[in-house]
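Engineer: I'd like to ask you about the structure that follows.
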Protein chains: 6
Amino acid sequence: MVTAHQKAAILVEALPYIKKFYGKIIVIKYGGHAMVNCELKRAVMTDVILMKLVGMHPVLVHGGGPEITQMLRRVGKQSTFVNGLRVTDRETMEIVEMVLVGKINKEIVALINSLGGQAIGLCGKDANLLRARKKMTEVDIGFVGEVVCVNPTLIMNVIRDGYIPVIAPIGLGPEGESYNINADHVAGHLAVALGADKLVILTDVEGITVEREGERSVLSTLRLSEVPALVGQKQIAGGMLPKVECCANAIRGGVRRAHILDGRVPHAILLEIFTDEGIGTMVVEG
Amino acid sequence: MVTAHQKAAILVEALPYIKKFYGKIIVIKYGGHAMVNCELKRAVMTDVILMKLVGMHPVLVHGGGPEITQMLRRVGKQSTFVNGLRVTDRETMEIVEMVLVGKINKEIVALINSLGGQAIGLCGKDANLLRARKKMTEVDIGFVGEVVCVNPTLIMNVIRDGYIPVIAPIGLGPEGESYNINADHVAGHLAVALGADKLVILTDVEGITVEREGERSVLSTLRLSEVPALVGQKQIAGGMLPKVECCANAIRGGVRRAHILDGRVPHAILLEIFTDEGIGTMVVEG
Amino acid sequence: MVTAHQKAAILVEALPYIKKFYGKIIVIKYGGHAMVNCELKRAVMTDVILMKLVGMHPVLVHGGGPEITQMLRRVGKQSTFVNGLRVTDRETMEIVEMVLVGKINKEIVALINSLGGQAIGLCGKDANLLRARKKMTEVDIGFVGEVVCVNPTLIMNVIRDGYIPVIAPIGLGPEGESYNINADHVAGHLAVALGADKLVILTDVEGITVEREGERSVLSTLRLSEVPALVGQKQIAGGMLPKVECCANAIRGGVRRAHILDGRVPHAILLEIFTDEGIGTMVVEG
Amino acid sequence: MVTAHQKAAILVEALPYIKKFYGKIIVIKYGGHAMVNCELKRAVMTDVILMKLVGMHPVLVHGGGPEITQMLRRVGKQSTFVNGLRVTDRETMEIVEMVLVGKINKEIVALINSLGGQAIGLCGKDANLLRARKKMTEVDIGFVGEVVCVNPTLIMNVIRDGYIPVIAPIGLGPEGESYNINADHVAGHLAVALGADKLVILTDVEGITVEREGERSVLSTLRLSEVPALVGQKQIAGGMLPKVECCANAIRGGVRRAHILDGRVPHAILLEIFTDEGIGTMVVEG
Amino acid sequence: MVTAHQKAAILVEALPYIKKFYGKIIVIKYGGHAMVNCELKRAVMTDVILMKLVGMHPVLVHGGGPEITQMLRRVGKQSTFVNGLRVTDRETMEIVEMVLVGKINKEIVALINSLGGQAIGLCGKDANLLRARKKMTEVDIGFVGEVVCVNPTLIMNVIRDGYIPVIAPIGLGPEGESYNINADHVAGHLAVALGADKLVILTDVEGITVEREGERSVLSTLRLSEVPALVGQKQIAGGMLPKVECCANAIRGGVRRAHILDGRVPHAILLEIFTDEGIGTMVVEG
Amino acid sequence: MVTAHQKAAILVEALPYIKKFYGKIIVIKYGGHAMVNCELKRAVMTDVILMKLVGMHPVLVHGGGPEITQMLRRVGKQSTFVNGLRVTDRETMEIVEMVLVGKINKEIVALINSLGGQAIGLCGKDANLLRARKKMTEVDIGFVGEVVCVNPTLIMNVIRDGYIPVIAPIGLGPEGESYNINADHVAGHLAVALGADKLVILTDVEGITVEREGERSVLSTLRLSEVPALVGQKQIAGGMLPKVECCANAIRGGVRRAHILDGRVPHAILLEIFTDEGIGTMVVEG
């Protein structure tokens with residue numbers, strides 16, 4: 001049982017954070033477990049609405065998840081993977097885009113709106129938001145792209161009009177073709193282009209963990225200068241590697257802080273933003 | 001060959017129309033042949049961009065078309081029809097929404113943007129644009145809906161920010177469920193809610209045709225008062241009936257003029273808006 | 001110990017209240033114990049800053065307290081009281097005004113500013129904020145006044161410029177003379193003139209208490225229609241009577257809710273505004 | 001006969017030009033035949049209104065023409081000319097000013113307004129628009145002046161308020177005296193001071209013509225670097241020389257393009273601005 | 001010699017008047033002796049600039065004067081008069097317009113600007129400011145017109161942009177023809193259309209004089225209700241009659257006060273507006 | 001007796017000064033005799049209101065005067081002085097602040113408002129306007145402070161909202177303690193921080209007087225470069241020394257002109273600002 005006194009103390013604890021982030025843009029990569037579990041979903045969206053109400057400008061970038069695979073299976077499409085990336089032929093791309101833009105994106109939008117927020121679903125094609133090009137890899141993996149440039153005007157307009165933008169990671173190629181882009185990368189590029197104060201990446205781990213003297217523990221702060229050594233020691237590896245890269249690029253591009261948070265903790269974003277608790281790993285310059 | 005003199009005359013002919021519609025909202029239902037044929041598509045989008053540039057505010061509502069059927073077939077889904085309306089179970093609805101919102105809508109957006117316009121794709125869920133409810137019919141046809149109310153603020157914001165809104169006819173039900181709504185009806189309701197000056201419905205016929213003394217000819221103007229008689233004589237019937245109803249409702253809701261145009265004629269909208277030519281049928285009060 | 005999960009839950013609990021009061025004006029009468037105890041002072045000011053940051057517009061009206069008596073004693077001025085009201089001759093009035101405006105008011109301002117807010121201290125003379133007249137009583141009690149009219153423009157300007165107005169209850173008489181006005185009354189009149197959403201009166205009791213079947217308990221809600229009977233039964237009496245009157249007048253003047261809160265509870269305002277807890281007594285219409 | 005299809009094509013052809021010049025200032029020197037022939041007059045004014053409606057900001061500078069001579073004759077005033085410039089004594093200047101400002105200028109204004117535009121007639125004295133000084137020549141030719149400086153604020157205000165400014169080429173001397181200034185020069189200086197995108201000079205010839213291998217033909221593009229040679233070869237000579245100079249100065253002053261158009265062709269401006277046709281000669285940098 | 005003390009007293013005397021007329025529109029009919037005498041001219045223009053600087057919005061309407069007659073004589077045009085009105089054939093009208101618009105108007109503008117103001121010269125044709133029709137009289141007197149309607153937008157724009165509008169009394173007829181309108185009437189109509197606070201008519205007499213008991217004296221205040229009797233007694237007659245009518249119409253149209261001032265007194269307007277002195281006759285309601 | 005003609009001449013004389021100072025900020029240090037004498041008080045406030053009305057932005061800084069001493073005496077507090085500065089212990093400071101902020105400041109505000117102006121009383125604590133620190137002197141003189149920094153935003157907001165700010169010279173120390181600061185210095189610092197055009201210091205002498213050839217006369221202009229010599233010769237000494245320093249610092253900080261005026265002359269400010277009279281001493285660069 002929390003007493004009234006404790007409640008007050010917790011609200012008061014939020015005060016300096018509200019002041020600090022007033023009017024700031026915070027880009028959130030939303031994915032993983034938090035996108036599948038119903039309660040976690042609602043918790044994330046509530047956090048985002050709370051941020052908006054107290055004067056911050058959250059921008060949501062979502063990934064795909066199991067629904068793409070499911071839909072591909074329904075149309076009898078077999079996927080091949082190269083180095084963990086799905087080989088995306090034109091037909092696959094069409095399905096990917098439909099699921100991301102026509103299903104996942106609008107479901108998030110509807111959820112935010114049903115909880116009392118005001119969201120708008122967008123993708124990289126809207127007002128040429130995300131220009132993309134084919135990602136060059138040894139083996140041709142089709143319509144997998146990378147960001148060429150971001151046009152921040154649309155997002156700034158949408159923010160100023162009071163809406164929460166929810167963005168599907170589809171980029172527009174030079175010939176009008178669509179590209180599937182990694183959502184972490186989209187979030188990182190957007191954070192830089194929007195002059196965001198923070199980049200938050202929700203994952204399914206506790207943060208960046210390192211082994212020291214046989215014990216594995218979460219790094220609460222990671223300085224850019226420490227990254228190369230940790231990568232060399234394979235302490236940062238696998239799926240965490242591209243996430244750390246995104247964070248590093250965002251920081252180098254002027255974003256003040258980047259966070260890798262455990263999306264399995266309810267209200268992880270809220271606790272990170274509004275309390276003194278250390279949640280996950282914060283990547284900073286230096 | 002058109003001479004310079006003739007060119008000038010045609011541009012000058014556009015002048016009074018540009019003045020007349022300056023700052024006015026014009027809702028366009030885009031569908032049928034003009035949505036399938038590549039050249040017609042480009043012609044429609046060019047018209048829309050031209051309208052925007054000379055100070056009008058076009059708002060595009062699109063329908064579905066063959067791609068829905070195609071996608072349903074791909075996932076092995078058989079459709080039943082009752083009175084011409086597709087019985088839309090939850091699974092069908094999911095496909096319909098994905099195709100409308102994730103494919104058709106964003107393709108239109110990308111086409112406009114590639115031609116130099118600035119479009120944004122939206123559906124009824126964005127900022128609660130279109131509230132819907134189940135359409136009541138004798139036989140339950142599932143997630144086929146009708147408009148309950150329109151929240152015009154989002155569209156007004158988007159217009160003021162200089163974008164062309166492109167809207168997929170998906171409505172948001174009271175429980176957060178999606179509804180497939182007839183695009184003509186969405187266009188009609190939007191026209192009223194936005195205080196539009198004109199509603200334009202693109203079809204695959206020349207306009208409303210009536211038979212008089214054995215000859216069938218296109219009505220250039222149709223007064224609301226003439227509708228009941230023509231419906232009684234079955235001169236207005238079949239697929240044209242709901243379109244005329246939409247126009248009538250729009251007119252009664254304060255829209256000054258509604259047009260049923262032949263979308264197979266390239267630049268039909270442009271000719272209707274900017275020239276003295278009579279194209280299709282204009283529905284007016286009186 | 002409060003867990004992270006509980007913290008999150010408490011912040012989330014605040015969300016609907018933040019939404020509800022966004023952009024609303026809340027007039028707070030600050031007095032009694034909360035004005036003397038250092039920790040309570042800070043707690044009240046922290047609450048006010050928090051309200052401002054999350055988009056509300058708090059307006060503070062403060063009373064006098066022991067410092068007036070102390071100062072009068074220092075200048076060797078004896079006070080007579082009639083029906084609990086200090087007989088205020090010209091010399092006393094001068095001291096009262098100096099202490100209220102030159103000491104208490106600016107101390108509150110400095111405290112808010114030191115905690116990170118932006119406050120401005122004002123009194124009824126600034127831009128003719130409070131026009132007053134002599135309060136007519138059987139025995140002449142000198143420069144004790146009542147509000148004639150409130151000019152809300154200055155407060156609206158100050159609010160719009162982002163400041164928290166702190167107001168000393170000094171009114172300006174028709175001949176330029178000063179009047180000492182009861183701070184509860186000033187708060188009530190300001191709430192009406194500013195179109196406030198809420199009036200909050202901090203007192204040194206738990207709220208309005210009534211005796212029922214030998215037990216005294218706090219009324220969590222008091223309807224206007226219940227007031228006459230409770231006054232008749234002397235359940236509302238003494239110092240509480242004028243406070244209830246102020247609340248009743250505010251409600252009749254269009255303020256949605258009035259609260260009598262226990263200023264001895266730290267963060268009483270914050271708990272009232274941001275949580276589901278019932279704190280003190282809420283006066284409502286009906 | 002022009003078909004609907006051709007009409008549409010011509011309107012569509014205008015699209016990129018409308019986009020290109022949106023919000024741009026275009027200064028037009030109006031004179032010669034186009035000022036005398038009634039139909040040509042209307043054509044020019046229609047073009048100007050069309051430009052304004054589609055988002056450009058046309059600014060009109062007009063010359064004098066036969067009406068000055070006519071009026072001088074009526075008051076029995078004989079004119080002497082030195083090197084093609086009228087010797088302008090005080091009495092002549094008075095007549096010149098009255099005819100330019102009180103007759104020609106306001107007739108143009110009235111014509112634009114009768115065709116549905118919103119024009120205002122101004123001269124160099126209004127808000128000190130054009131400061132002038134005496135033009136120094138071997139023989140004293142009186143009140144013939146040249147531009148000293150342009151105050152663009154008035155024109156910018158008038159443009160922003162939605163009006164088409166029509167300017168008589170009268171300059172204000174240091175002692176408050178009036179000067180008659182060559183309208184081409186006024187147009188050139190205005191174009192520079194207003195940061196115009198284009199300067200258009202209407203003349204009574206097809207453009208700049210050069211003789212090559214015995215054949216005379218119109219130069220569609222003239223680069224600044226080619227001017228000296230052509231002047232040396234007397235290919236640019238006589239009345240064309242000062243016009244080319246004006247264009248060259250405008251280009252050097254930052255105006256992107258200058259055009260010498262045949263004012264005898266109806267809607268020459270419109271064809272130049274809105275179509276792919278090559279009309280007259282365009283002077284560009286390089 | 002005026003002492004510093006007296007100077008201060010006079011400036012202080014102006015204070016309430018400055019407050020009273022802050023942001024108010026004051027229409028001034030400028031004519032007669034004040035238009036001919038150089039020193040009086042400067043005095044009037046200085047007054048107008050002073051008014052503008054202290055926050056009023058003066059609007060100047062001027063008449064013609066001897067220069068029209070002079071110019072007509074120069075072109076050998078004989079004028080006939082009917083009931084004091086010049087018979088104005090097309091040729092006369094042309095001269096009248098040229099002199100009013102091309103000479104007198106711009107001279108006033110240049111004078112104001114040389115004294116440090118910012119004036120713009122306009123006539124009834126600019127942005128269709130004054131729509132006129134032929135004045136119907138027993139004998140056809142040609143292009144003498146009366147005001148049909150005033151379009152106040154242009155003047156409001158010009159005022160808001162900080163300029164002093166100077167208006168020549170030329171009206172635009174239905175066929176685009178020009179009409180010469182009495183400047184008093186133009187001033188009266190403008191005052192009503194602009195919602196002016198004051199109408200000031202400068203004349204060559206001390207004000208409205210009445211004879212009482214053999215003595216002629218200036219009426220300092222004239223109530224509308226007194227007018228009929230004074231007209232019946234021929235106390236108001238001749239050239240004063242139409243001026244009183246203008247004032248009466250302005251008052252009935254909502255202008256608060258109308259003044260007939262002696263333009264031969266230097267700074268008559270300034271003394272009327274800024275001091276307690278009674279200058280000329282003030283016409284008021286009642 | 002001043003004739004109407006002379007009145008007009010005096011008002012006209014004010015014209016160029018009104019133009020010159022339009023929209024400019026003028027900081028006035030108000031103190032000495034002008035603060036005690038009732039008639040002089042009203043004269044100063046009238047001048048300030050006049051300045052505001054004709055478009056200037058006066059900012060008033062007031063000093064203390066006899067009322068502080070009087071109040072200290074009433075509470076039986078003896079003051080010691082060191083080098084002319086009152087030793088200000090905590091108790092004295094409390095009294096000083098109460099008198100300055102709670103009495104003198106609000107009396108000035110009430111006087112301005114009663115004369116038709118719109119004033120607001122502020123001190124250095126409001127919105128952290130004046131940050132101060134202890135003034136270091138050989139002998140500890142307690143809470144006598146000096147300006148560390150000025151936050152001009154509040155004053156700019158108040159000015160823009162149309163109010164006249166009246167400022168008590170109380171500064172806020174690093175620990176939240178109050179400091180009594182010399183009002184001349186506050187005025188000088190404010191003038192620099194606000195980018196004022198003028199600093200005006202009202203004193204009880206005619207200006208800076210120097211003795212030349214046995215005769216003492218007022219310097220109408222004092223150049224910064226002359227100051228050292230005059231100080232060396234003790235021509236500038238005593239109480240005048242700090243005032244000249246303030247002026248010099250203001251000029252070095254970008255204020256165009258500083259004036260030391262005789263506050264005993266009624267309307268001294270007005271005469272200085274609005275007339276050609278030389279009043280007091282003007283300090284300028286050079």
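Following the order of the structure tokens, chains are lettered A, B, ..., residues in each are numbered from 1, and ligands are numbered from 1.
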Determine, counting only C-alpha atoms, which protein, DNA and RNA residues have an atom within 9 Å of an atom of Glu245 of chain B; residues of the same chain fewer than 5 positions away are not included. Present the result as a ChimeraX atom specification.
Structural biologist: /B:185,240,250
Engineer: Just list as a PyMOL selection string whatever in segment 94-155 of chain E DSSP marks as helix (DSSP H, G or I).
Structural biologist: chain E and resi 94-114+126-128+153-155
Engineer: Mind checking which residues fall within 8 Å of Val200 of chain C, counting only C-alpha atoms, ignoring those fewer than 3 positions away in the same chain, and posting them as a ChimeraX atom specification?
Structural biologist: /C:26-29,258-261,269
Engineer: Pull N, CA and C atoms from the residues just selected and write them as a PDB file, in the first residue's frame.
Structural biologist:
ATOM      1  N   ILE C  26      -6.734  27.762 -11.778  1.00  0.00           N
ATOM      2  CA  ILE C  26      -7.053  27.261 -10.440  1.00  0.00           C
ATOM      3  C   ILE C  26      -6.578  28.285  -9.419  1.00  0.00           C
ATOM      4  N   VAL C  27      -7.539  28.857  -8.686  1.00  0.00           N
ATOM      5  CA  VAL C  27      -7.204  29.885  -7.702  1.00  0.00           C
ATOM      6  C   VAL C  27      -7.024  29.210  -6.345  1.00  0.00           C
ATOM      7  N   ILE C  28      -5.902  29.493  -5.699  1.00  0.00           N
ATOM      8  CA  ILE C  28      -5.578  28.861  -4.420  1.00  0.00           C
ATOM      9  C   ILE C  28      -5.445  29.914  -3.328  1.00  0.00           C
ATOM     10  N   LYS C  29      -6.251  29.789  -2.308  1.00  0.00           N
ATOM     11  CA  LYS C  29      -6.087  30.641  -1.132  1.00  0.00           C
ATOM     12  C   LYS C  29      -5.087  29.933  -0.225  1.00  0.00           C
ATOM     13  N   ALA C 258     -15.189  23.931  -5.755  1.00  0.00           N
ATOM     14  CA  ALA C 258     -14.439  24.632  -4.717  1.00  0.00           C
ATOM     15  C   ALA C 258     -14.046  23.602  -3.681  1.00  0.00           C
ATOM     16  N   HIS C 259     -12.847  23.737  -3.138  1.00  0.00           N
ATOM     17  CA  HIS C 259     -12.332  22.746  -2.201  1.00  0.00           C
ATOM     18  C   HIS C 259     -11.862  23.415  -0.925  1.00  0.00           C
ATOM     19  N   ILE C 260     -12.182  22.814   0.184  1.00  0.00           N
ATOM     20  CA  ILE C 260     -11.610  23.234   1.462  1.00  0.00           C
ATOM     21  C   ILE C 260     -10.681  22.104   1.886  1.00  0.00           C
ATOM     22  N   LEU C 261      -9.370  22.392   1.840  1.00  0.00           N
ATOM     23  CA  LEU C 261      -8.374  21.333   2.062  1.00  0.00           C
ATOM     24  C   LEU C 261      -7.612  21.555   3.357  1.00  0.00           C
ATOM     25  N   ILE C 269      -2.743  19.971  -2.038  1.00  0.00           N
ATOM     26  CA  ILE C 269      -3.273  20.423  -3.335  1.00  0.00           C
ATOM     27  C   ILE C 269      -2.974  19.387  -4.401  1.00  0.00           C
TER      28      ILE C 269
END
Engineer: Hey, what does DSSP flag as strand (DSSP E or B) within segment 91-247 of chain F? Can you give it to me as a ChimeraX atom specification?
Structural biologist: /F:119-123,130-134,142,144-150,164-168,170-172,178-181,198-203,209-212,215-218,221-223
Engineer: Quick one: write out the picked residues with N, CA and C atoms as a short mmCIF file (atom, residue, chain, number, x, y, z; two decimals), in the first residue's frame?
Structural biologist:
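Done, and the output landed in result35.cif:
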data_model
loop_
_atom_site.label_atom_id
_atom_site.label_comp_id
_atom_site.auth_asym_id
_atom_site.auth_seq_id
_atom_site.Cartn_x
_atom_site.Cartn_y
_atom_site.Cartn_z
N ALA F 119 -0.03 51.03 -14.29
CA ALA F 119 1.28 50.67 -13.76
C ALA F 119 1.24 49.36 -13.00
N ILE F 120 2.40 48.71 -12.89
CA ILE F 120 2.57 47.51 -12.09
C ILE F 120 3.82 47.69 -11.23
N GLY F 121 3.69 47.36 -9.94
CA GLY F 121 4.83 47.49 -9.05
C GLY F 121 5.60 46.19 -8.94
N LEU F 122 6.91 46.25 -9.12
CA LEU F 122 7.73 45.05 -9.07
C LEU F 122 8.98 45.31 -8.24
N CYS F 123 9.62 44.22 -7.79
CA CYS F 123 10.93 44.39 -7.17
C CYS F 123 11.86 43.34 -7.76
N LEU F 130 16.26 41.03 -10.46
CA LEU F 130 17.59 41.57 -10.10
C LEU F 130 18.34 40.60 -9.20
N ARG F 131 19.36 40.00 -9.69
CA ARG F 131 20.23 39.15 -8.87
C ARG F 131 21.29 40.06 -8.25
N ALA F 132 21.52 39.89 -6.96
CA ALA F 132 22.44 40.80 -6.27
C ALA F 132 23.46 40.03 -5.44
N ARG F 133 24.47 40.74 -4.97
CA ARG F 133 25.41 40.15 -4.01
C ARG F 133 25.77 41.26 -3.02
N LYS F 134 26.35 40.85 -1.93
CA LYS F 134 26.75 41.77 -0.88
C LYS F 134 27.80 42.73 -1.45
N GLY F 142 26.43 45.17 6.13
CA GLY F 142 25.26 44.31 6.13
C GLY F 142 24.64 44.12 4.76
N VAL F 144 23.62 45.57 2.23
CA VAL F 144 23.69 46.54 1.14
C VAL F 144 24.31 45.79 -0.03
N GLY F 145 23.61 45.80 -1.17
CA GLY F 145 24.06 44.93 -2.25
C GLY F 145 24.43 45.68 -3.51
N GLU F 146 24.89 44.92 -4.48
CA GLU F 146 25.09 45.49 -5.81
C GLU F 146 24.56 44.50 -6.84
N VAL F 147 24.22 45.02 -8.01
CA VAL F 147 23.58 44.21 -9.04
C VAL F 147 24.56 43.20 -9.62
N VAL F 148 24.17 41.93 -9.68
CA VAL F 148 24.99 40.92 -10.35
C VAL F 148 24.48 40.74 -11.78
N CYS F 149 23.18 40.53 -11.92
CA CYS F 149 22.65 40.50 -13.28
C CYS F 149 21.17 40.83 -13.30
N VAL F 150 20.73 41.28 -14.43
CA VAL F 150 19.35 41.72 -14.64
C VAL F 150 18.71 40.76 -15.64
N ILE F 164 3.21 50.26 -17.32
CA ILE F 164 4.40 50.99 -16.91
C ILE F 164 4.98 50.27 -15.70
N PRO F 165 6.18 49.69 -15.82
CA PRO F 165 6.77 49.02 -14.66
C PRO F 165 7.37 50.02 -13.69
N VAL F 166 7.08 49.82 -12.40
CA VAL F 166 7.63 50.65 -11.33
C VAL F 166 8.45 49.70 -10.44
N ILE F 167 9.72 49.96 -10.29
CA ILE F 167 10.62 48.96 -9.70
C ILE F 167 11.27 49.45 -8.40
N ALA F 168 11.11 48.64 -7.35
CA ALA F 168 11.77 48.93 -6.08
C ALA F 168 13.16 48.29 -6.10
N ILE F 170 15.25 46.40 -4.73
CA ILE F 170 15.58 45.28 -3.86
C ILE F 170 16.13 44.17 -4.74
N GLY F 171 17.32 43.65 -4.37
CA GLY F 171 17.91 42.57 -5.15
C GLY F 171 17.83 41.25 -4.41
N LEU F 172 17.91 40.16 -5.17
CA LEU F 172 17.80 38.82 -4.61
C LEU F 172 19.19 38.20 -4.53
N SER F 178 17.53 39.21 0.83
CA SER F 178 17.27 40.46 0.13
C SER F 178 18.44 41.42 0.30
N TYR F 179 18.68 42.23 -0.71
CA TYR F 179 19.67 43.29 -0.60
C TYR F 179 19.06 44.63 -0.98
N ASN F 180 19.46 45.63 -0.23
CA ASN F 180 19.09 47.00 -0.55
C ASN F 180 20.14 47.53 -1.52
N ILE F 181 19.71 47.95 -2.69
CA ILE F 181 20.68 48.43 -3.68
C ILE F 181 20.39 49.89 -4.00
N LYS F 198 17.57 55.98 -23.28
CA LYS F 198 17.87 57.09 -22.38
C LYS F 198 17.80 56.60 -20.94
N LEU F 199 18.68 57.19 -20.12
CA LEU F 199 18.60 57.03 -18.66
C LEU F 199 18.41 58.43 -18.10
N VAL F 200 17.40 58.61 -17.27
CA VAL F 200 17.13 59.92 -16.69
C VAL F 200 17.22 59.79 -15.17
N ILE F 201 18.08 60.59 -14.55
CA ILE F 201 18.19 60.56 -13.09
C ILE F 201 17.68 61.88 -12.54
N LEU F 202 16.61 61.80 -11.75
CA LEU F 202 16.06 63.01 -11.13
C LEU F 202 16.81 63.28 -9.83
N THR F 203 17.33 64.49 -9.68
CA THR F 203 18.05 64.84 -8.44
C THR F 203 17.49 66.14 -7.87
N THR F 209 27.27 71.03 -12.00
CA THR F 209 27.76 72.41 -12.11
C THR F 209 29.28 72.43 -12.01
N VAL F 210 29.87 73.30 -12.76
CA VAL F 210 31.33 73.47 -12.69
C VAL F 210 31.63 74.94 -12.49
N GLU F 211 32.75 75.16 -11.87
CA GLU F 211 33.15 76.54 -11.66
C GLU F 211 34.16 76.92 -12.71
N ARG F 212 33.90 77.98 -13.40
CA ARG F 212 34.85 78.47 -14.41
C ARG F 212 35.01 79.96 -14.19
N GLU F 215 32.86 81.56 -11.63
CA GLU F 215 31.39 81.47 -11.76
C GLU F 215 30.97 80.00 -11.84
N ARG F 216 29.95 79.64 -11.13
CA ARG F 216 29.44 78.28 -11.14
C ARG F 216 28.31 78.21 -12.15
N SER F 217 28.43 77.29 -13.08
CA SER F 217 27.30 77.18 -14.02
C SER F 217 27.05 75.71 -14.37
N VAL F 218 25.82 75.45 -14.81
CA VAL F 218 25.42 74.08 -15.15
C VAL F 218 26.00 73.69 -16.49
N THR F 221 26.07 69.80 -21.50
CA THR F 221 26.52 68.51 -22.03
C THR F 221 27.84 68.13 -21.37
N LEU F 222 27.94 66.87 -21.03
CA LEU F 222 29.19 66.37 -20.45
C LEU F 222 29.63 65.16 -21.25
N ARG F 223 30.82 65.23 -21.82
CA ARG F 223 31.34 64.09 -22.60
C ARG F 223 32.07 63.15 -21.64
#
Engineer: Which residues are close to Asp262 of chain C, i.e. within 10 Å by only C-alpha atoms, leaving aside same-chain residues fewer than 4 positions away? Reply as a list in words.
Structural biologist: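 Residues near the query, excluding close chain neighbours: Gly32, His33, Ala34, Ile201, Leu202, Thr203, Asp204, Val205, Glu206, Gly207, Ile208, Pro266, His267, Ala268, Ile269, Ile279, Gly280 and Thr281 of chain C.
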Engineer: Let me make sure I understand: among F:Tyr30, F:Tyr22, F:Tyr163, F:Tyr17, which one has the smallest atom-to-atom distance to chain C if we use only C-alpha atoms?
Structural biologist: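 The closest residue to chain C is F:Tyr163.
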Engineer: Give the answer as one residue: which of F:Thr3, F:Gln118, F:Ser220, F:Gln233 has the shortest atom-to-atom distance to chain C, using only C-alpha atoms?
Structural biologist: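 Nearest to chain C: F:Gln118.
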Engineer: Give me, please, the distance in Å between atom CA of Met45 of chain A and atom CA of Ile25 of chain A, quoted to one decimal.
Structural biologist: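 That distance, rounded to one decimal, is 16.2 Å.
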Engineer: Can you pull out every residue within 12 Å of segment 71-78 of chain F, counting only C-alpha atoms, but drop anything in the same chain fewer than 3 positions away, and send it as a PyMOL selection string?
Structural biologist: (chain C and resi 70-77+91+94-95+98) or (chain F and resi 64-68+81+86-100+103)
Engineer: Find the residues around segment 252-256 of chain C up to 10 Å (only C-alpha atoms counted), leave out those fewer than 5 positions away in its own chain, and share them as a PyMOL selection string.
Structural biologist: chain C and resi 25-27+188-189+191-199+224+246-247+283-285
